[in-house]
file my_file_0.txt (compact mmCIF, N, CA and C atoms)
# COMPACT_ATOMS: atom_id res chain seq x y z
N MET F 43 73.10 -17.13 -46.26
CA MET F 43 71.80 -16.49 -46.13
C MET F 43 71.53 -15.54 -47.29
N ALA F 44 72.51 -14.80 -47.70
CA ALA F 44 72.31 -13.85 -48.79
C ALA F 44 71.92 -14.58 -50.08
N ALA F 45 72.54 -15.73 -50.35
CA ALA F 45 72.20 -16.48 -51.56
C ALA F 45 70.75 -16.95 -51.51
N GLU F 46 70.30 -17.37 -50.34
CA GLU F 46 68.91 -17.81 -50.20
C GLU F 46 67.96 -16.65 -50.48
N THR F 47 68.28 -15.47 -49.96
CA THR F 47 67.45 -14.30 -50.18
C THR F 47 67.41 -13.95 -51.66
N GLU F 48 68.55 -13.97 -52.31
CA GLU F 48 68.60 -13.66 -53.74
C GLU F 48 67.77 -14.65 -54.55
N SER F 49 67.87 -15.94 -54.23
CA SER F 49 67.12 -16.92 -55.00
C SER F 49 65.63 -16.77 -54.77
N SER F 50 65.21 -16.44 -53.53
CA SER F 50 63.80 -16.22 -53.26
C SER F 50 63.28 -15.04 -54.04
N GLU F 51 64.07 -13.96 -54.06
CA GLU F 51 63.63 -12.76 -54.78
C GLU F 51 63.49 -13.03 -56.28
N SER F 52 64.34 -13.88 -56.82
CA SER F 52 64.30 -14.12 -58.26
C SER F 52 63.12 -15.00 -58.67
N ILE F 53 62.49 -15.65 -57.71
CA ILE F 53 61.34 -16.50 -58.05
C ILE F 53 60.04 -15.98 -57.44
N GLU F 54 60.06 -14.74 -56.95
CA GLU F 54 58.86 -14.12 -56.41
C GLU F 54 58.49 -12.88 -57.20
N VAL F 55 57.20 -12.64 -57.32
CA VAL F 55 56.71 -11.40 -57.93
C VAL F 55 55.72 -10.75 -56.98
N ASP F 56 55.60 -9.44 -57.08
CA ASP F 56 54.63 -8.74 -56.24
C ASP F 56 53.24 -8.81 -56.89
N LEU F 57 52.26 -8.35 -56.15
CA LEU F 57 50.88 -8.44 -56.63
C LEU F 57 50.62 -7.61 -57.88
N ASP F 58 51.26 -6.46 -58.01
CA ASP F 58 51.05 -5.64 -59.20
C ASP F 58 51.60 -6.33 -60.44
N THR F 59 52.79 -6.93 -60.31
CA THR F 59 53.38 -7.66 -61.42
C THR F 59 52.48 -8.83 -61.81
N PHE F 60 52.01 -9.55 -60.79
CA PHE F 60 51.10 -10.67 -61.05
C PHE F 60 49.81 -10.20 -61.71
N ALA F 61 49.25 -9.08 -61.24
CA ALA F 61 48.00 -8.57 -61.80
C ALA F 61 48.15 -8.29 -63.29
N SER F 62 49.27 -7.71 -63.68
CA SER F 62 49.51 -7.44 -65.11
C SER F 62 49.60 -8.74 -65.90
N ALA F 63 50.32 -9.71 -65.34
CA ALA F 63 50.46 -11.00 -66.02
C ALA F 63 49.10 -11.72 -66.09
N HIS F 64 48.33 -11.65 -65.01
CA HIS F 64 47.02 -12.29 -64.97
C HIS F 64 46.10 -11.69 -66.03
N LYS F 65 46.12 -10.37 -66.15
CA LYS F 65 45.30 -9.69 -67.15
C LYS F 65 45.67 -10.15 -68.56
N ALA F 66 46.94 -10.48 -68.74
CA ALA F 66 47.43 -10.93 -70.05
C ALA F 66 47.24 -12.43 -70.27
N GLY F 67 46.59 -13.11 -69.31
CA GLY F 67 46.29 -14.53 -69.49
C GLY F 67 47.25 -15.50 -68.83
N ALA F 68 47.95 -15.07 -67.80
CA ALA F 68 48.92 -15.93 -67.12
C ALA F 68 48.27 -17.20 -66.57
N VAL F 69 49.06 -18.26 -66.50
CA VAL F 69 48.64 -19.52 -65.90
C VAL F 69 48.86 -19.41 -64.39
N VAL F 70 47.83 -19.80 -63.61
CA VAL F 70 47.88 -19.66 -62.16
C VAL F 70 47.61 -21.00 -61.49
N LEU F 71 48.48 -21.36 -60.55
CA LEU F 71 48.33 -22.56 -59.74
C LEU F 71 48.12 -22.14 -58.30
N ASP F 72 47.02 -22.56 -57.69
CA ASP F 72 46.70 -22.25 -56.30
C ASP F 72 47.03 -23.47 -55.46
N VAL F 73 47.89 -23.30 -54.45
CA VAL F 73 48.34 -24.44 -53.65
C VAL F 73 47.73 -24.44 -52.25
N ARG F 74 46.63 -23.71 -52.07
CA ARG F 74 45.95 -23.70 -50.77
C ARG F 74 45.09 -24.96 -50.62
N ASN F 75 44.45 -25.07 -49.49
CA ASN F 75 43.54 -26.19 -49.23
C ASN F 75 42.22 -25.94 -49.95
N PRO F 76 41.47 -27.01 -50.26
CA PRO F 76 40.20 -26.84 -50.99
C PRO F 76 39.22 -25.87 -50.34
N ASP F 77 39.11 -25.86 -49.02
CA ASP F 77 38.17 -24.95 -48.37
C ASP F 77 38.58 -23.49 -48.56
N GLU F 78 39.88 -23.22 -48.56
CA GLU F 78 40.37 -21.86 -48.80
C GLU F 78 40.06 -21.44 -50.24
N TYR F 79 40.34 -22.34 -51.16
CA TYR F 79 40.11 -22.09 -52.59
C TYR F 79 38.64 -21.81 -52.84
N GLU F 80 37.78 -22.65 -52.27
CA GLU F 80 36.34 -22.53 -52.48
C GLU F 80 35.80 -21.19 -52.00
N SER F 81 36.38 -20.66 -50.91
CA SER F 81 35.87 -19.40 -50.35
C SER F 81 36.29 -18.18 -51.17
N GLY F 82 37.27 -18.32 -52.05
CA GLY F 82 37.64 -17.23 -52.93
C GLY F 82 39.02 -17.43 -53.53
N HIS F 83 39.11 -17.41 -54.86
CA HIS F 83 40.39 -17.58 -55.55
C HIS F 83 40.46 -16.69 -56.78
N VAL F 84 41.67 -16.50 -57.26
CA VAL F 84 41.91 -15.72 -58.47
C VAL F 84 41.29 -16.45 -59.65
N ARG F 85 40.58 -15.73 -60.49
CA ARG F 85 39.93 -16.34 -61.66
C ARG F 85 40.95 -17.12 -62.49
N GLY F 86 40.59 -18.35 -62.83
CA GLY F 86 41.43 -19.19 -63.67
C GLY F 86 42.44 -20.03 -62.92
N ALA F 87 42.56 -19.83 -61.61
CA ALA F 87 43.55 -20.57 -60.84
C ALA F 87 43.17 -22.05 -60.72
N VAL F 88 44.12 -22.91 -61.02
CA VAL F 88 43.95 -24.36 -60.90
C VAL F 88 44.37 -24.76 -59.49
N LEU F 89 43.55 -25.54 -58.82
CA LEU F 89 43.84 -25.96 -57.45
C LEU F 89 44.59 -27.29 -57.40
N ILE F 90 45.77 -27.25 -56.81
CA ILE F 90 46.48 -28.46 -56.40
C ILE F 90 47.09 -28.13 -55.04
N PRO F 91 46.49 -28.61 -53.95
CA PRO F 91 47.02 -28.29 -52.62
C PRO F 91 48.50 -28.67 -52.49
N LEU F 92 49.24 -27.88 -51.73
CA LEU F 92 50.67 -28.07 -51.58
C LEU F 92 51.02 -29.51 -51.22
N GLY F 93 50.28 -30.10 -50.30
CA GLY F 93 50.56 -31.47 -49.86
C GLY F 93 50.36 -32.52 -50.94
N GLU F 94 49.67 -32.17 -52.02
CA GLU F 94 49.40 -33.11 -53.12
C GLU F 94 50.24 -32.81 -54.36
N LEU F 95 51.02 -31.75 -54.31
CA LEU F 95 51.72 -31.28 -55.50
C LEU F 95 52.64 -32.34 -56.10
N GLY F 96 53.42 -33.02 -55.28
CA GLY F 96 54.33 -34.04 -55.79
C GLY F 96 53.62 -35.17 -56.49
N ALA F 97 52.52 -35.62 -55.92
CA ALA F 97 51.78 -36.75 -56.49
C ALA F 97 50.96 -36.34 -57.71
N ARG F 98 50.69 -35.04 -57.84
CA ARG F 98 49.82 -34.58 -58.93
C ARG F 98 50.56 -33.68 -59.92
N GLN F 99 51.88 -33.84 -60.00
CA GLN F 99 52.65 -32.93 -60.86
C GLN F 99 52.24 -33.00 -62.32
N ASP F 100 51.67 -34.13 -62.75
CA ASP F 100 51.21 -34.20 -64.14
C ASP F 100 49.98 -33.32 -64.38
N GLU F 101 49.36 -32.80 -63.31
CA GLU F 101 48.20 -31.92 -63.43
C GLU F 101 48.59 -30.44 -63.37
N ILE F 102 49.87 -30.15 -63.15
CA ILE F 102 50.30 -28.75 -63.11
C ILE F 102 50.08 -28.16 -64.51
N PRO F 103 49.37 -27.04 -64.57
CA PRO F 103 49.08 -26.48 -65.89
C PRO F 103 50.34 -25.99 -66.60
N ASP F 104 50.30 -26.08 -67.92
CA ASP F 104 51.43 -25.60 -68.72
C ASP F 104 51.43 -24.08 -68.74
N GLY F 105 52.58 -23.52 -68.44
CA GLY F 105 52.72 -22.07 -68.49
C GLY F 105 54.20 -21.71 -68.44
N ASP F 106 54.53 -20.58 -68.98
CA ASP F 106 55.91 -20.12 -68.97
C ASP F 106 55.92 -18.63 -68.67
N PRO F 107 55.83 -18.29 -67.39
CA PRO F 107 55.90 -19.16 -66.21
C PRO F 107 54.52 -19.58 -65.71
N VAL F 108 54.53 -20.46 -64.71
CA VAL F 108 53.34 -20.77 -63.92
C VAL F 108 53.41 -19.87 -62.69
N TYR F 109 52.38 -19.08 -62.46
CA TYR F 109 52.32 -18.24 -61.26
C TYR F 109 51.68 -19.07 -60.15
N VAL F 110 52.38 -19.19 -59.03
CA VAL F 110 51.92 -20.02 -57.91
C VAL F 110 51.45 -19.09 -56.80
N ILE F 111 50.22 -19.34 -56.32
CA ILE F 111 49.63 -18.47 -55.30
C ILE F 111 49.08 -19.30 -54.16
N CYS F 112 49.12 -18.73 -52.95
CA CYS F 112 48.49 -19.36 -51.77
C CYS F 112 47.76 -18.25 -51.02
N ALA F 113 47.70 -18.34 -49.70
CA ALA F 113 47.01 -17.32 -48.92
C ALA F 113 47.85 -16.05 -48.78
N LEU F 114 49.11 -16.21 -48.38
CA LEU F 114 49.97 -15.05 -48.12
C LEU F 114 51.29 -15.07 -48.90
N GLY F 115 51.78 -16.24 -49.26
CA GLY F 115 53.03 -16.32 -50.00
C GLY F 115 54.00 -17.39 -49.51
N GLY F 116 53.77 -17.94 -48.34
CA GLY F 116 54.69 -18.96 -47.80
C GLY F 116 54.60 -20.29 -48.51
N ARG F 117 53.40 -20.82 -48.64
CA ARG F 117 53.23 -22.11 -49.31
C ARG F 117 53.56 -21.99 -50.80
N SER F 118 53.22 -20.87 -51.40
CA SER F 118 53.51 -20.72 -52.83
C SER F 118 55.02 -20.65 -53.06
N LEU F 119 55.75 -20.02 -52.15
CA LEU F 119 57.20 -19.96 -52.30
C LEU F 119 57.81 -21.36 -52.15
N GLN F 120 57.31 -22.12 -51.19
CA GLN F 120 57.77 -23.50 -51.00
C GLN F 120 57.49 -24.32 -52.26
N ALA F 121 56.28 -24.21 -52.79
CA ALA F 121 55.91 -24.96 -54.00
C ALA F 121 56.75 -24.51 -55.19
N THR F 122 56.96 -23.20 -55.31
CA THR F 122 57.74 -22.67 -56.43
C THR F 122 59.17 -23.18 -56.39
N LYS F 123 59.78 -23.19 -55.22
CA LYS F 123 61.15 -23.71 -55.09
C LYS F 123 61.21 -25.16 -55.55
N ALA F 124 60.23 -25.96 -55.14
CA ALA F 124 60.21 -27.37 -55.55
C ALA F 124 60.00 -27.50 -57.05
N MET F 125 59.10 -26.69 -57.59
CA MET F 125 58.82 -26.76 -59.02
C MET F 125 60.03 -26.33 -59.85
N VAL F 126 60.69 -25.26 -59.44
CA VAL F 126 61.88 -24.79 -60.15
C VAL F 126 62.97 -25.87 -60.09
N GLY F 127 63.10 -26.50 -58.92
CA GLY F 127 64.08 -27.57 -58.77
C GLY F 127 63.78 -28.76 -59.67
N ALA F 128 62.50 -28.94 -60.02
CA ALA F 128 62.09 -30.05 -60.88
C ALA F 128 62.02 -29.63 -62.36
N GLY F 129 62.40 -28.40 -62.66
CA GLY F 129 62.49 -27.99 -64.05
C GLY F 129 61.40 -27.06 -64.58
N TRP F 130 60.41 -26.72 -63.76
CA TRP F 130 59.37 -25.79 -64.20
C TRP F 130 59.87 -24.36 -64.12
N HIS F 131 59.32 -23.50 -64.94
CA HIS F 131 59.52 -22.06 -64.80
C HIS F 131 58.32 -21.57 -64.00
N ALA F 132 58.54 -21.32 -62.71
CA ALA F 132 57.45 -20.94 -61.82
C ALA F 132 57.84 -19.70 -61.04
N LEU F 133 56.83 -18.90 -60.69
CA LEU F 133 57.02 -17.69 -59.90
C LEU F 133 55.99 -17.67 -58.79
N SER F 134 56.44 -17.37 -57.58
CA SER F 134 55.56 -17.27 -56.42
C SER F 134 54.99 -15.87 -56.32
N VAL F 135 53.70 -15.77 -56.01
CA VAL F 135 53.03 -14.47 -55.86
C VAL F 135 53.10 -14.05 -54.40
N SER F 136 53.97 -13.09 -54.12
CA SER F 136 54.13 -12.57 -52.77
C SER F 136 52.89 -11.76 -52.37
N GLY F 137 52.36 -12.03 -51.20
CA GLY F 137 51.14 -11.36 -50.75
C GLY F 137 49.92 -12.23 -50.93
N GLY F 138 49.97 -13.16 -51.87
CA GLY F 138 48.95 -14.18 -52.05
C GLY F 138 47.54 -13.68 -52.29
N THR F 139 46.62 -14.61 -52.12
CA THR F 139 45.21 -14.32 -52.36
C THR F 139 44.69 -13.29 -51.36
N LYS F 140 45.18 -13.35 -50.13
CA LYS F 140 44.73 -12.37 -49.13
C LYS F 140 45.09 -10.96 -49.59
N GLY F 141 46.31 -10.76 -50.05
CA GLY F 141 46.71 -9.45 -50.55
C GLY F 141 45.92 -9.04 -51.78
N TRP F 142 45.66 -10.01 -52.65
CA TRP F 142 44.87 -9.77 -53.87
C TRP F 142 43.49 -9.22 -53.48
N ILE F 143 42.85 -9.87 -52.52
CA ILE F 143 41.53 -9.45 -52.05
C ILE F 143 41.61 -8.08 -51.37
N GLU F 144 42.64 -7.88 -50.54
CA GLU F 144 42.79 -6.60 -49.83
C GLU F 144 42.98 -5.44 -50.79
N GLN F 145 43.53 -5.70 -51.97
CA GLN F 145 43.69 -4.66 -52.98
C GLN F 145 42.40 -4.42 -53.77
N GLY F 146 41.35 -5.18 -53.43
CA GLY F 146 40.06 -5.00 -54.10
C GLY F 146 39.95 -5.69 -55.44
N ARG F 147 40.84 -6.63 -55.68
CA ARG F 147 40.82 -7.35 -56.96
C ARG F 147 39.76 -8.46 -56.91
N PRO F 148 39.20 -8.84 -58.04
CA PRO F 148 38.10 -9.81 -58.05
C PRO F 148 38.54 -11.25 -57.76
N VAL F 149 37.64 -11.97 -57.12
CA VAL F 149 37.85 -13.40 -56.88
C VAL F 149 36.60 -14.16 -57.31
N VAL F 150 36.79 -15.46 -57.45
CA VAL F 150 35.72 -16.37 -57.81
C VAL F 150 35.53 -17.31 -56.62
N THR F 151 34.29 -17.64 -56.30
CA THR F 151 34.03 -18.61 -55.23
C THR F 151 33.62 -19.94 -55.85
N GLY F 152 33.70 -21.00 -55.06
CA GLY F 152 33.34 -22.32 -55.54
C GLY F 152 34.58 -23.09 -55.98
N MET F 153 34.37 -24.28 -56.48
CA MET F 153 35.48 -25.16 -56.82
C MET F 153 35.90 -25.07 -58.28
N SER F 154 35.20 -24.33 -59.11
CA SER F 154 35.57 -24.17 -60.50
C SER F 154 36.60 -23.04 -60.65
N PRO F 155 37.62 -23.21 -61.49
CA PRO F 155 38.60 -22.13 -61.68
C PRO F 155 37.96 -20.82 -62.13
N ASP F 156 36.91 -20.91 -62.95
CA ASP F 156 36.26 -19.68 -63.45
C ASP F 156 34.93 -19.55 -62.80

call {"tool": "encode", "arguments": {"input": "my_file_0.txt", "output": "structure tokens"}}
result
Amino acid sequence: MAAETESSESIEVDLDTFASAHKAGAVVLDVRNPDEYESGHVRGAVLIPLGELGARQDEIPDGDPVYVICALGGRSLQATKAMVGAGWHALSVSGGTKGWIEQGRPVVTGMSPD
């Protein structure tokens, strides 16, 4: 159990760390469902729902790292573990889009990343 916790911590970042990276132009992958994404997402986030990630891995944006976000952090952690296992440098955003919004950070609505 301790090893699992350590590995999760090493591939997760908090919202403040993510906010700094985002401001600097970080690559963001949103793994929520389209309706969730449409109602509000982090500017620049590319949508690939978790259930489609394996089939659409060629659409994962290039980034070092790729910041993976969902609603709260569960799906993004699952996606990040799979991506890291497949060779990507990915980090899960703990707290997710819900936490981002609760902190008063800006979101974009609609299906376009920007």

call {"tool": "atom_distance", "arguments": {"input": "my_file_0.txt", "atom1": "atom N of Val73 in chain F", "atom2": "atom C of Gly127 in chain F"}}
result
17.6 Å

call {"tool": "closest_residue", "arguments": {"input": "my_file_0.txt", "among": "F:Ala97, F:Val69, F:Gly86, F:Pro76", "to": "Ala113 in chain F", "atoms": "only C-alpha atoms"}}
result
F:Pro76

call {"tool": "atom_distance", "arguments": {"input": "my_file_0.txt", "atom1": "atom C of Gly115 in chain F", "atom2": "CA of Lys65 in chain F"}}
result
21.1 Å

call {"tool": "closest_residue", "arguments": {"input": "my_file_0.txt", "among": "F:Ser118, F:Ser62, F:Gln145, F:Ser154", "to": "Arg74 in chain F", "atoms": "only C-alpha atoms"}}
result
F:Ser118

call {"tool": "residues_around", "arguments": {"input": "my_file_0.txt", "residues": "Leu119 in chain F", "least_positions_apart": "5", "cutoff": "6.5 Å", "atoms": "only N, CA and C atoms", "output": "PyMOL selection string"}}
result
chain F and resi 110+124+134-135

call {"tool": "residues_around", "arguments": {"input": "my_file_0.txt", "residues": "range 150-153 of chain F", "least_positions_apart": "5", "cutoff": "7 Å", "atoms": "only N, CA and C atoms", "output": "ChimeraX atom specification"}}
result
/F:79-85

call {"tool": "select_by_dssp", "arguments": {"input": "my_file_0.txt", "residues": "chain F", "states": "strand (DSSP E)", "output": "ChimeraX atom specification"}}
result
/F:54-55,69-72,88-89,108-111,132-135

call {"tool": "closest_residue", "arguments": {"input": "my_file_0.txt", "among": "F:Ile90, F:Ile53, F:Ala121, F:Leu95", "to": "Asn75 in chain F", "atoms": "only C-alpha atoms"}}
result
F:Ile90

call {"tool": "atom_distance", "arguments": {"input": "my_file_0.txt", "atom1": "atom C of Trp142 in chain F", "atom2": "atom C of Val126 in chain F"}}
result
26.5 Å

call {"tool": "closest_residue", "arguments": {"input": "my_file_0.txt", "among": "F:Gly141, F:Gly146, F:Gly116, F:Gly67", "to": "Ala87 in chain F", "atoms": "only C-alpha atoms"}}
result
F:Gly67

call {"tool": "closest_residue", "arguments": {"input": "my_file_0.txt", "among": "F:Ala63, F:Leu89, F:Met125, F:Ala132", "to": "Glu101 in chain F", "atoms": "all atoms listed in the file"}}
result
F:Leu89

call {"tool": "residues_around", "arguments": {"input": "my_file_0.txt", "residues": "His131 in chain F", "least_positions_apart": "6", "cutoff": "6.5 Å", "atoms": "only N, CA and C atoms", "output": "ChimeraX atom specification"}}
result
/F:105-108,125

call {"tool": "write_last_selection", "arguments": {"input": "my_file_0.txt", "atoms": "N, CA and C atoms", "output": "PDB file, in the frame of the given file"}}
result
ATOM      1  N   GLY F 105      52.580 -23.520 -68.440  1.00  0.00           N
ATOM      2  CA  GLY F 105      52.720 -22.070 -68.490  1.00  0.00           C
ATOM      3  C   GLY F 105      54.200 -21.710 -68.440  1.00  0.00           C
ATOM      4  N   ASP F 106      54.530 -20.580 -68.980  1.00  0.00           N
ATOM      5  CA  ASP F 106      55.910 -20.120 -68.970  1.00  0.00           C
ATOM      6  C   ASP F 106      55.920 -18.630 -68.670  1.00  0.00           C
ATOM      7  N   PRO F 107      55.830 -18.290 -67.390  1.00  0.00           N
ATOM      8  CA  PRO F 107      55.900 -19.160 -66.210  1.00  0.00           C
ATOM      9  C   PRO F 107      54.520 -19.580 -65.710  1.00  0.00           C
ATOM     10  N   VAL F 108      54.530 -20.460 -64.710  1.00  0.00           N
ATOM     11  CA  VAL F 108      53.340 -20.770 -63.920  1.00  0.00           C
ATOM     12  C   VAL F 108      53.410 -19.870 -62.690  1.00  0.00           C
ATOM     13  N   MET F 125      59.100 -26.690 -57.590  1.00  0.00           N
ATOM     14  CA  MET F 125      58.820 -26.760 -59.020  1.00  0.00           C
ATOM     15  C   MET F 125      60.030 -26.330 -59.850  1.00  0.00           C
TER      16      MET F 125
END

call {"tool": "select_by_dssp", "arguments": {"input": "my_file_0.txt", "residues": "chain F", "states": "alpha helix (DSSP H)", "output": "count of residues only"}}
result
43

call {"tool": "axis_aligned_box", "arguments": {"input": "my_file_0.txt", "around": "range 120-130 of chain F", "padding_each_side": "8 Å", "output": "lines of an AutoDock Vina configuration file"}}
result
center_x = 60.0
center_y = -26.1
center_z = -57.8
size_x = 24.2
size_y = 23.9
size_z = 29.6

call {"tool": "closest_residue", "arguments": {"input": "my_file_0.txt", "among": "F:Ile111, F:Gln120, F:Asp156, F:Glu94", "to": "Gly137 in chain F", "atoms": "only C-alpha atoms"}}
result
F:Ile111

call {"tool": "build_atoms", "arguments": {"input": "my_file_0.txt", "residues": "range 130-140 of chain F", "atoms": "all heavy atoms", "output": "JSON list (two decimals), in the coordinates of the input"}}
result
[["chain", "number", "residue", "atom", "x", "y", "z"],
["F", 130, "TRP", "N", 60.41, -26.72, -63.76],
["F", 130, "TRP", "CA", 59.37, -25.79, -64.20],
["F", 130, "TRP", "C", 59.87, -24.36, -64.12],
["F", 130, "TRP", "O", 60.71, -24.02, -63.29],
["F", 130, "TRP", "CB", 58.13, -25.90, -63.32],
["F", 130, "TRP", "CG", 57.14, -26.92, -63.74],
["F", 130, "TRP", "CD1", 56.18, -26.79, -64.71],
["F", 130, "TRP", "CD2", 56.98, -28.23, -63.21],
["F", 130, "TRP", "NE1", 55.45, -27.95, -64.80],
["F", 130, "TRP", "CE2", 55.91, -28.84, -63.89],
["F", 130, "TRP", "CE3", 57.64, -28.94, -62.21],
["F", 130, "TRP", "CZ2", 55.49, -30.14, -63.62],
["F", 130, "TRP", "CZ3", 57.23, -30.23, -61.93],
["F", 130, "TRP", "CH2", 56.17, -30.81, -62.64],
["F", 131, "HIS", "N", 59.32, -23.50, -64.94],
["F", 131, "HIS", "CA", 59.52, -22.06, -64.80],
["F", 131, "HIS", "C", 58.32, -21.57, -64.00],
["F", 131, "HIS", "O", 57.20, -21.48, -64.53],
["F", 131, "HIS", "CB", 59.59, -21.39, -66.17],
["F", 131, "HIS", "CG", 59.80, -19.91, -66.09],
["F", 131, "HIS", "ND1", 59.56, -19.08, -67.14],
["F", 131, "HIS", "CD2", 60.23, -19.11, -65.07],
["F", 131, "HIS", "CE1", 59.83, -17.83, -66.79],
["F", 131, "HIS", "NE2", 60.23, -17.83, -65.53],
["F", 132, "ALA", "N", 58.54, -21.32, -62.71],
["F", 132, "ALA", "CA", 57.45, -20.94, -61.82],
["F", 132, "ALA", "C", 57.84, -19.70, -61.04],
["F", 132, "ALA", "O", 59.01, -19.47, -60.75],
["F", 132, "ALA", "CB", 57.14, -22.09, -60.86],
["F", 133, "LEU", "N", 56.83, -18.90, -60.69],
["F", 133, "LEU", "CA", 57.02, -17.69, -59.90],
["F", 133, "LEU", "C", 55.99, -17.67, -58.79],
["F", 133, "LEU", "O", 54.80, -17.89, -59.03],
["F", 133, "LEU", "CB", 56.87, -16.45, -60.78],
["F", 133, "LEU", "CG", 57.91, -16.25, -61.87],
["F", 133, "LEU", "CD1", 57.49, -15.13, -62.81],
["F", 133, "LEU", "CD2", 59.28, -15.97, -61.26],
["F", 134, "SER", "N", 56.44, -17.37, -57.58],
["F", 134, "SER", "CA", 55.56, -17.27, -56.42],
["F", 134, "SER", "C", 54.99, -15.87, -56.32],
["F", 134, "SER", "O", 55.70, -14.88, -56.50],
["F", 134, "SER", "CB", 56.35, -17.60, -55.14],
["F", 134, "SER", "OG", 55.54, -17.42, -54.00],
["F", 135, "VAL", "N", 53.70, -15.77, -56.01],
["F", 135, "VAL", "CA", 53.03, -14.47, -55.86],
["F", 135, "VAL", "C", 53.10, -14.05, -54.40],
["F", 135, "VAL", "O", 52.41, -14.61, -53.54],
["F", 135, "VAL", "CB", 51.57, -14.54, -56.34],
["F", 135, "VAL", "CG1", 50.89, -13.19, -56.17],
["F", 135, "VAL", "CG2", 51.50, -15.02, -57.79],
["F", 136, "SER", "N", 53.97, -13.09, -54.12],
["F", 136, "SER", "CA", 54.13, -12.57, -52.77],
["F", 136, "SER", "C", 52.89, -11.76, -52.37],
["F", 136, "SER", "O", 52.41, -10.94, -53.14],
["F", 136, "SER", "CB", 55.38, -11.68, -52.72],
["F", 136, "SER", "OG", 55.56, -11.17, -51.43],
["F", 137, "GLY", "N", 52.36, -12.03, -51.20],
["F", 137, "GLY", "CA", 51.14, -11.36, -50.75],
["F", 137, "GLY", "C", 49.92, -12.23, -50.93],
["F", 137, "GLY", "O", 48.93, -12.07, -50.23],
["F", 138, "GLY", "N", 49.97, -13.16, -51.87],
["F", 138, "GLY", "CA", 48.95, -14.18, -52.05],
["F", 138, "GLY", "C", 47.54, -13.68, -52.29],
["F", 138, "GLY", "O", 47.29, -12.52, -52.60],
["F", 139, "THR", "N", 46.62, -14.61, -52.12],
["F", 139, "THR", "CA", 45.21, -14.32, -52.36],
["F", 139, "THR", "C", 44.69, -13.29, -51.36],
["F", 139, "THR", "O", 43.87, -12.45, -51.71],
["F", 139, "THR", "CB", 44.39, -15.63, -52.29],
["F", 139, "THR", "OG1", 44.94, -16.57, -53.22],
["F", 139, "THR", "CG2", 42.92, -15.38, -52.64],
["F", 140, "LYS", "N", 45.18, -13.35, -50.13],
["F", 140, "LYS", "CA", 44.73, -12.37, -49.13],
["F", 140, "LYS", "C", 45.09, -10.96, -49.59],
["F", 140, "LYS", "O", 44.26, -10.05, -49.54],
["F", 140, "LYS", "CB", 45.36, -12.67, -47.77],
["F", 140, "LYS", "CG", 44.85, -11.74, -46.70],
["F", 140, "LYS", "CD", 45.36, -12.10, -45.33],
["F", 140, "LYS", "CE", 44.74, -11.13, -44.33],
["F", 140, "LYS", "NZ", 45.33, -11.16, -43.04]]
